[in-house]
file start_39.cif (mmCIF, C-alpha atoms)
data_input
loop_
_atom_site.label_atom_id
_atom_site.label_comp_id
_atom_site.auth_asym_id
_atom_site.auth_seq_id
_atom_site.Cartn_x
_atom_site.Cartn_y
_atom_site.Cartn_z
CA MET F 1317 34.72 1.73 -26.99
CA ARG F 1318 32.77 3.28 -29.85
CA ILE F 1319 29.94 0.80 -29.38
CA LEU F 1320 29.87 1.53 -25.65
CA LEU F 1321 29.65 5.23 -26.32
CA LEU F 1322 26.87 4.69 -28.83
CA ALA F 1323 24.92 2.58 -26.34
CA ALA F 1324 25.40 5.23 -23.66
CA ALA F 1325 24.23 7.93 -26.05
CA ALA F 1326 21.16 5.90 -26.95
CA LEU F 1327 20.33 5.49 -23.26
CA ALA F 1328 20.81 9.18 -22.61
CA LEU F 1329 18.54 10.06 -25.53
CA ALA F 1330 15.62 8.05 -24.15
CA ALA F 1331 13.03 10.65 -23.20
CA CYS F 1332 11.83 8.84 -20.09
CA VAL F 1333 11.33 11.11 -17.13
CA SER F 1334 9.75 10.17 -13.85
CA VAL F 1335 7.37 12.79 -12.54
CA ALA F 1336 7.44 13.09 -8.77
CA PRO F 1337 4.08 13.20 -6.95
CA TYR F 1338 4.73 16.83 -6.02
CA GLN F 1339 5.41 17.83 -9.64
CA ARG F 1340 1.95 16.94 -10.96
CA GLY F 1341 0.64 20.48 -11.14
CA TYR F 1342 0.27 20.41 -14.92
CA LEU F 1343 -0.82 16.76 -15.09
CA ALA F 1344 -3.59 17.46 -12.57
CA ARG F 1345 -5.24 20.04 -14.82
CA PRO F 1346 -8.68 18.98 -16.07
CA ASP F 1347 -7.68 19.51 -19.71
CA MET F 1348 -4.86 17.00 -19.24
CA ALA F 1349 -7.32 14.21 -18.49
CA PHE F 1350 -7.53 11.34 -20.99
CA GLU F 1351 -11.30 11.90 -21.06
CA PRO F 1352 -12.10 15.41 -19.80
CA SER F 1353 -15.83 14.78 -19.54
CA ALA F 1354 -16.69 11.22 -18.55
CA GLY F 1355 -20.45 11.81 -18.86
CA THR F 1356 -20.26 13.15 -22.42
CA ALA F 1357 -17.93 10.34 -23.46
CA GLU F 1358 -20.33 7.74 -22.07
CA ALA F 1359 -23.30 9.31 -23.91
CA LEU F 1360 -21.36 9.53 -27.18
CA GLY F 1361 -20.22 5.93 -26.81
CA LYS F 1362 -23.77 4.74 -26.26
CA THR F 1363 -25.08 6.68 -29.27
CA TYR F 1364 -22.22 5.38 -31.41
CA SER F 1365 -22.79 1.75 -30.52
CA ALA F 1366 -26.56 2.13 -31.09
CA LYS F 1367 -26.02 3.71 -34.52
CA GLU F 1368 -23.46 1.08 -35.47
CA ALA F 1369 -25.66 -1.71 -34.10
CA ALA F 1370 -22.58 -3.05 -32.41
CA SER F 1371 -21.07 -2.44 -29.04
CA GLY F 1372 -17.53 -2.87 -27.90
CA GLY F 1373 -14.36 -2.46 -29.83
CA ALA F 1374 -13.42 0.72 -28.03
CA SER F 1375 -12.39 -1.12 -24.90
CA VAL F 1376 -13.65 -4.64 -24.26
CA GLY F 1377 -15.03 -7.06 -26.78
CA GLY F 1378 -18.77 -7.41 -27.14
CA GLY F 1379 -21.37 -9.01 -29.32
CA GLY F 1380 -23.15 -7.43 -32.25
CA CYS F 1381 -26.65 -8.15 -31.00
CA GLY F 1382 -27.50 -4.47 -30.69
CA CYS F 1383 -29.13 -5.13 -27.37
CA ASN F 1384 -27.78 -2.12 -25.53
CA MET V 136 36.42 10.52 -26.72
CA ARG V 137 37.13 9.00 -23.34
CA ARG V 138 36.12 12.24 -21.64
CA ALA V 139 32.81 12.28 -23.54
CA ALA V 140 32.13 8.72 -22.47
CA ALA V 141 32.85 9.59 -18.86
CA ALA V 142 30.52 12.60 -19.04
CA LEU V 143 27.74 10.44 -20.47
CA ALA V 144 28.25 7.81 -17.82
CA ALA V 145 28.11 10.48 -15.12
CA THR V 146 24.86 11.84 -16.58
CA ILE V 147 23.27 8.42 -16.57
CA ALA V 148 24.50 7.71 -13.04
CA SER V 149 23.05 11.00 -11.80
CA LEU V 150 19.67 10.10 -13.30
CA GLY V 151 19.65 6.92 -11.25
CA ALA V 152 20.88 8.66 -8.12
CA ALA V 153 17.78 10.91 -8.08
CA ALA V 154 15.91 8.09 -6.33
CA THR V 155 16.78 8.84 -2.71
CA HIS V 156 15.31 7.26 0.38
CA ALA V 157 12.07 8.66 1.69
CA LEU V 158 12.16 10.46 5.00
CA GLU V 159 10.58 8.19 7.60
CA ALA V 160 9.86 8.32 11.32
CA GLY V 161 13.10 8.49 13.28
CA SER V 162 14.94 10.73 10.82
CA PRO V 163 16.08 14.19 11.85
CA LEU V 164 14.16 17.14 10.38
CA PRO V 165 16.10 18.46 7.33
CA ALA V 166 17.38 22.00 7.92
CA ILE V 167 15.52 23.75 5.11
CA THR V 168 15.22 27.49 4.66
CA ALA V 169 12.61 28.73 2.18
CA PRO V 170 11.01 32.04 1.22
CA ARG V 171 7.53 32.77 2.52
CA LEU V 172 4.52 32.36 0.26
CA ALA V 173 2.62 35.56 -0.49
CA ALA V 174 4.12 37.37 2.49
CA SER V 175 7.17 39.40 3.21
CA GLY V 176 9.43 38.77 6.16
CA ALA V 177 12.27 36.53 7.13
CA PRO V 178 12.48 33.23 5.26
CA VAL V 179 11.02 30.17 6.92
CA SER V 180 13.72 28.16 8.67
CA LEU V 181 12.83 24.68 9.88
CA ALA V 182 15.90 24.55 12.13
CA SER V 183 14.65 27.59 14.07
CA LEU V 184 11.49 25.70 15.06
CA LYS V 185 13.37 23.29 17.30
CA GLY V 186 11.74 23.07 20.71
CA GLN V 187 8.27 23.11 19.20
CA VAL V 188 6.13 20.30 17.87
CA VAL V 189 6.10 20.93 14.12
CA TYR V 190 3.93 19.59 11.33
CA VAL V 191 5.58 20.06 7.93
CA ASP V 192 2.95 19.73 5.23
CA PHE V 193 3.34 19.60 1.45
CA TRP V 194 0.22 20.88 -0.31
CA ALA V 195 -1.02 22.26 -3.63
CA SER V 196 -4.22 23.76 -5.01
CA TRP V 197 -4.52 20.82 -7.43
CA CYS V 198 -4.30 18.28 -4.61
CA VAL V 199 -7.86 17.17 -3.83
CA PRO V 200 -7.34 15.88 -0.24
CA CYS V 201 -5.66 19.22 0.58
CA ARG V 202 -9.14 20.77 0.58
CA LEU V 203 -9.72 18.74 3.72
CA SER V 204 -6.22 18.86 5.20
CA MET V 205 -5.69 22.64 5.02
CA PRO V 206 -8.74 23.74 7.08
CA THR V 207 -8.14 20.83 9.48
CA LEU V 208 -4.50 21.82 10.02
CA ASP V 209 -5.54 25.44 10.47
CA ALA V 210 -8.05 24.51 13.18
CA MET V 211 -5.42 22.34 14.89
CA TYR V 212 -2.86 25.13 14.67
CA ARG V 213 -5.25 27.64 16.25
CA LYS V 214 -6.06 25.19 19.03
CA TYR V 215 -2.50 24.16 19.95
CA SER V 216 -0.18 27.00 18.83
CA SER V 217 -0.18 28.51 22.34
CA LYS V 218 1.11 25.16 23.66
CA GLY V 219 4.03 25.08 21.20
CA PHE V 220 2.62 23.61 17.99
CA ALA V 221 3.76 25.03 14.65
CA VAL V 222 2.65 24.17 11.12
CA VAL V 223 4.68 24.88 7.98
CA GLY V 224 2.95 24.40 4.64
CA PHE V 225 5.22 24.01 1.63
CA ASN V 226 3.30 24.91 -1.50
CA LYS V 227 3.83 22.75 -4.60
CA ASP V 228 1.80 24.75 -7.13
CA VAL V 229 3.23 25.59 -10.54
CA SER V 230 2.43 29.28 -10.01
CA ASN V 231 1.88 31.29 -6.84
CA ALA V 232 -1.35 32.68 -8.34
CA ASP V 233 -2.90 29.18 -8.17
CA ALA V 234 -1.93 28.92 -4.52
CA GLU V 235 -3.36 32.35 -3.74
CA ARG V 236 -6.67 31.51 -5.43
CA PHE V 237 -6.88 28.38 -3.27
CA LEU V 238 -6.04 30.35 -0.12
CA GLN V 239 -8.83 32.84 -0.83
CA ARG V 240 -11.30 29.99 -0.57
CA VAL V 241 -9.46 28.18 2.22
CA PRO V 242 -7.68 30.80 4.31
CA VAL V 243 -5.12 29.51 6.78
CA SER V 244 -3.20 31.27 9.54
CA PHE V 245 -0.12 29.05 9.80
CA THR V 246 3.24 29.63 8.08
CA LEU V 247 3.33 29.03 4.33
CA ALA V 248 6.49 28.64 2.30
CA GLN V 249 7.43 28.43 -1.36
CA ASP V 250 9.47 25.50 -2.49
CA GLU V 251 11.73 26.82 -5.19
CA LYS V 252 13.35 24.17 -7.38
CA ASP V 253 11.70 21.45 -5.24
CA ALA V 254 14.49 21.74 -2.66
CA ALA V 255 12.30 20.86 0.32
CA ALA V 256 10.28 18.21 -1.53
CA LYS V 257 13.53 16.54 -2.57
CA ALA V 258 15.00 16.73 0.93
CA PHE V 259 11.90 15.03 2.35
CA ASP V 260 11.51 12.84 -0.77
CA VAL V 261 7.77 13.42 -0.82
CA LYS V 262 5.96 10.28 -2.03
CA ALA V 263 2.36 11.47 -2.01
CA MET V 264 0.26 14.63 -1.99
CA PRO V 265 -0.38 15.77 0.62
CA SER V 266 2.46 14.50 2.80
CA GLY V 267 2.80 15.57 6.40
CA TYR V 268 5.75 15.09 8.74
CA LEU V 269 5.08 15.38 12.46
CA VAL V 270 8.25 16.40 14.28
CA ASP V 271 8.79 16.34 18.03
CA ARG V 272 10.37 19.06 20.18
CA LYS V 273 13.82 17.49 19.71
CA GLY V 274 13.61 17.83 15.93
CA VAL V 275 13.02 14.16 15.14
CA VAL V 276 10.34 13.07 12.66
CA ARG V 277 7.91 10.90 14.64
CA ARG V 278 5.12 10.24 12.19
CA VAL V 279 4.62 10.56 8.42
CA HIS V 280 1.11 10.98 7.03
CA ARG V 281 0.73 10.31 3.31
CA GLY V 282 -2.65 11.36 2.00
CA PHE V 283 -5.29 12.90 4.22
CA THR V 284 -8.71 11.66 5.35
CA ALA V 285 -10.99 12.36 8.32
CA GLU V 286 -9.25 9.40 9.98
CA THR V 287 -5.84 11.06 9.52
CA ALA V 288 -7.20 14.21 11.15
CA ALA V 289 -8.31 12.33 14.27
CA GLU V 290 -5.03 10.40 14.47
CA LEU V 291 -2.96 13.52 14.00
CA GLU V 292 -4.78 15.44 16.73
CA HIS V 293 -4.09 12.62 19.18
CA GLU V 294 -0.40 12.46 18.15
CA VAL V 295 0.02 16.21 18.50
CA GLU V 296 -1.47 16.12 22.00
CA GLU V 297 0.90 13.32 22.99
CA LEU V 298 3.99 15.02 21.55
CA LEU V 299 3.13 18.33 23.22
CA LYS V 300 3.36 16.55 26.58
CA GLU V 301 6.95 15.44 25.89
CA PRO V 302 9.75 17.66 27.26
CA ALA V 303 11.94 19.61 24.87
#

call {"tool": "encode", "arguments": {"input": "start_39.cif", "output": "structure tokens"}}
result
Amino acid sequence: MRILLLAAAALALAACVSVAPYQRGYLARPDMAFEPSAGTAEALGKTYSAKEAASGGASVGGGGCGCN
Amino acid sequence: MRRAAAALAATIASLGAAATHALEAGSPLPAITAPRLAASGAPVSLASLKGQVVYVDFWASWCVPCRLSMPTLDAMYRKYSSKGFAVVGFNKDVSNADAERFLQRVPVSFTLAQDEKDAAAKAFDVKAMPSGYLVDRKGVVRRVHRGFTAETAAELEHEVEELLKEPA
């Protein structure tokens, strides 16, 4: 009984909430984006990989030839 | 102890029960009453629209396709309202100020309603933004449009024309 209650409590504590499509007012805000400015991020990424003489690592694997 | 366990079980069960079935074609129009958006007057009652062809639309200022759907629905409403076509737009913005800013850029003449506590959205079980429910004169949902493109607009106009021909 005690174990059951503990398991139930653990389940109830899980902070998983499904957000309905009509409740995405806050999530749709531009400052909620993973990358608010795609252009700036791309430019920074390119500069970074040129300075480091290596590309990749941030997302997909790449060589260290510096040919970017 | 046993009572606490029962309460917990009930909480968990209610979390699962939130997933209801989406409203599809063939279902009766839910009898929803909601306050008007940015206007005084009697609350909007869906049941009172029986006898008309009704398009119930869920929209928000943050919903990108709504920038196309709202002016399109407004044009359709102006064209067919004299023949018995009504449009009700349930707003899903977090604050009414957001909705009003949107409406200043995209003014519409059809009925707009607030959806307090998501009552209408839950009754329709809205699966996408925007979602539109085309209801015939008998109060039966005949077509559900999820999302909105130029194609949807053309389809919807044809469907409205067909439904307007049907007797009440």

call {"tool": "resolve_selection", "arguments": {"input": "start_39.cif", "expression": "the PyMOL selection byres ((chain V and resi 234-237) around 12)", "output": "PyMOL selection string"}}
result
(chain F and resi 1341) or (chain V and resi 172-174+194-199+201-202+205-206+224-233+238-243+247-249)

call {"tool": "closest_residue", "arguments": {"input": "start_39.cif", "among": "V:Lys273, V:Arg278, V:Pro200, V:Lys262", "to": "chain F", "atoms": "only C-alpha atoms"}}
result
V:Lys262

call {"tool": "closest_residue", "arguments": {"input": "start_39.cif", "among": "V:Arg277, V:Arg171, V:Lys257, V:Lys214", "to": "chain F", "atoms": "only C-alpha atoms"}}
result
V:Lys257

call {"tool": "closest_atom_pairs", "arguments": {"input": "start_39.cif", "of": "chain F", "to": "chain V", "cutoff": "10 Å", "atoms": "only C-alpha atoms", "output": "Markdown table"}}
result
| residue | atom | partner | partner_atom | distance |
| --- | --- | --- | --- | --- |
| F:Met1317 | CA | V:Arg137 | CA | 8.5 |
| F:Arg1318 | CA | V:Met136 | CA | 8.7 |
| F:Leu1320 | CA | V:Ala140 | CA | 8.2 |
| F:Leu1321 | CA | V:Ala140 | CA | 5.8 |
| F:Leu1322 | CA | V:Ala140 | CA | 9.2 |
| F:Ala1324 | CA | V:Leu143 | CA | 6.5 |
| F:Ala1325 | CA | V:Leu143 | CA | 7.1 |
| F:Leu1327 | CA | V:Ile147 | CA | 7.9 |
| F:Ala1328 | CA | V:Ile147 | CA | 6.6 |
| F:Val1333 | CA | V:Leu150 | CA | 9.2 |
| F:Ser1334 | CA | V:Ala153 | CA | 9.9 |
| F:Ala1336 | CA | V:Lys262 | CA | 7.5 |
| F:Pro1337 | CA | V:Ala263 | CA | 5.5 |
| F:Tyr1338 | CA | V:Lys227 | CA | 6.2 |
| F:Gln1339 | CA | V:Lys227 | CA | 7.2 |
| F:Arg1340 | CA | V:Trp197 | CA | 8.3 |
| F:Gly1341 | CA | V:Val229 | CA | 5.8 |
| F:Tyr1342 | CA | V:Val229 | CA | 7.4 |
| F:Leu1343 | CA | V:Trp197 | CA | 9.4 |
| F:Ala1344 | CA | V:Trp197 | CA | 6.2 |
| F:Arg1345 | CA | V:Trp197 | CA | 7.5 |
| F:Pro1346 | CA | V:Trp197 | CA | 9.8 |

call {"tool": "atom_distance", "arguments": {"input": "start_39.cif", "atom1": "CA of Val222 (chain V)", "atom2": "CA of Pro178 (chain V)"}}
result
14.6 Å

call {"tool": "resolve_selection", "arguments": {"input": "start_39.cif", "expression": "the PyMOL selection byres ((chain V and resi 294) around 12)", "output": "ChimeraX atom specification"}}
result
/V:188-190,211,220,268-271,277-280,287-293,295-301

call {"tool": "write_last_selection", "arguments": {"input": "start_39.cif", "atoms": "C-alpha atoms", "output": "mmCIF file, in the coordinates of the input"}}
result
data_model
loop_
_atom_site.group_PDB
_atom_site.id
_atom_site.type_symbol
_atom_site.label_atom_id
_atom_site.label_comp_id
_atom_site.auth_asym_id
_atom_site.auth_seq_id
_atom_site.Cartn_x
_atom_site.Cartn_y
_atom_site.Cartn_z
ATOM 1 C CA VAL V 188 6.130 20.300 17.870
ATOM 2 C CA VAL V 189 6.100 20.930 14.120
ATOM 3 C CA TYR V 190 3.930 19.590 11.330
ATOM 4 C CA MET V 211 -5.420 22.340 14.890
ATOM 5 C CA PHE V 220 2.620 23.610 17.990
ATOM 6 C CA TYR V 268 5.750 15.090 8.740
ATOM 7 C CA LEU V 269 5.080 15.380 12.460
ATOM 8 C CA VAL V 270 8.250 16.400 14.280
ATOM 9 C CA ASP V 271 8.790 16.340 18.030
ATOM 10 C CA ARG V 277 7.910 10.900 14.640
ATOM 11 C CA ARG V 278 5.120 10.240 12.190
ATOM 12 C CA VAL V 279 4.620 10.560 8.420
ATOM 13 C CA HIS V 280 1.110 10.980 7.030
ATOM 14 C CA THR V 287 -5.840 11.060 9.520
ATOM 15 C CA ALA V 288 -7.200 14.210 11.150
ATOM 16 C CA ALA V 289 -8.310 12.330 14.270
ATOM 17 C CA GLU V 290 -5.030 10.400 14.470
ATOM 18 C CA LEU V 291 -2.960 13.520 14.000
ATOM 19 C CA GLU V 292 -4.780 15.440 16.730
ATOM 20 C CA HIS V 293 -4.090 12.620 19.180
ATOM 21 C CA VAL V 295 0.020 16.210 18.500
ATOM 22 C CA GLU V 296 -1.470 16.120 22.000
ATOM 23 C CA GLU V 297 0.900 13.320 22.990
ATOM 24 C CA LEU V 298 3.990 15.020 21.550
ATOM 25 C CA LEU V 299 3.130 18.330 23.220
ATOM 26 C CA LYS V 300 3.360 16.550 26.580
ATOM 27 C CA GLU V 301 6.950 15.440 25.890
#

call {"tool": "atom_distance", "arguments": {"input": "start_39.cif", "atom1": "CA of Ala221 (chain V)", "atom2": "CA of Glu286 (chain V)"}}
result
20.9 Å

call {"tool": "closest_residue", "arguments": {"input": "start_39.cif", "among": "V:Ala157, V:Val223, V:Val191, V:Leu184", "to": "Gly267 (chain V)", "atoms": "all atoms listed in the file"}}
result
V:Val191
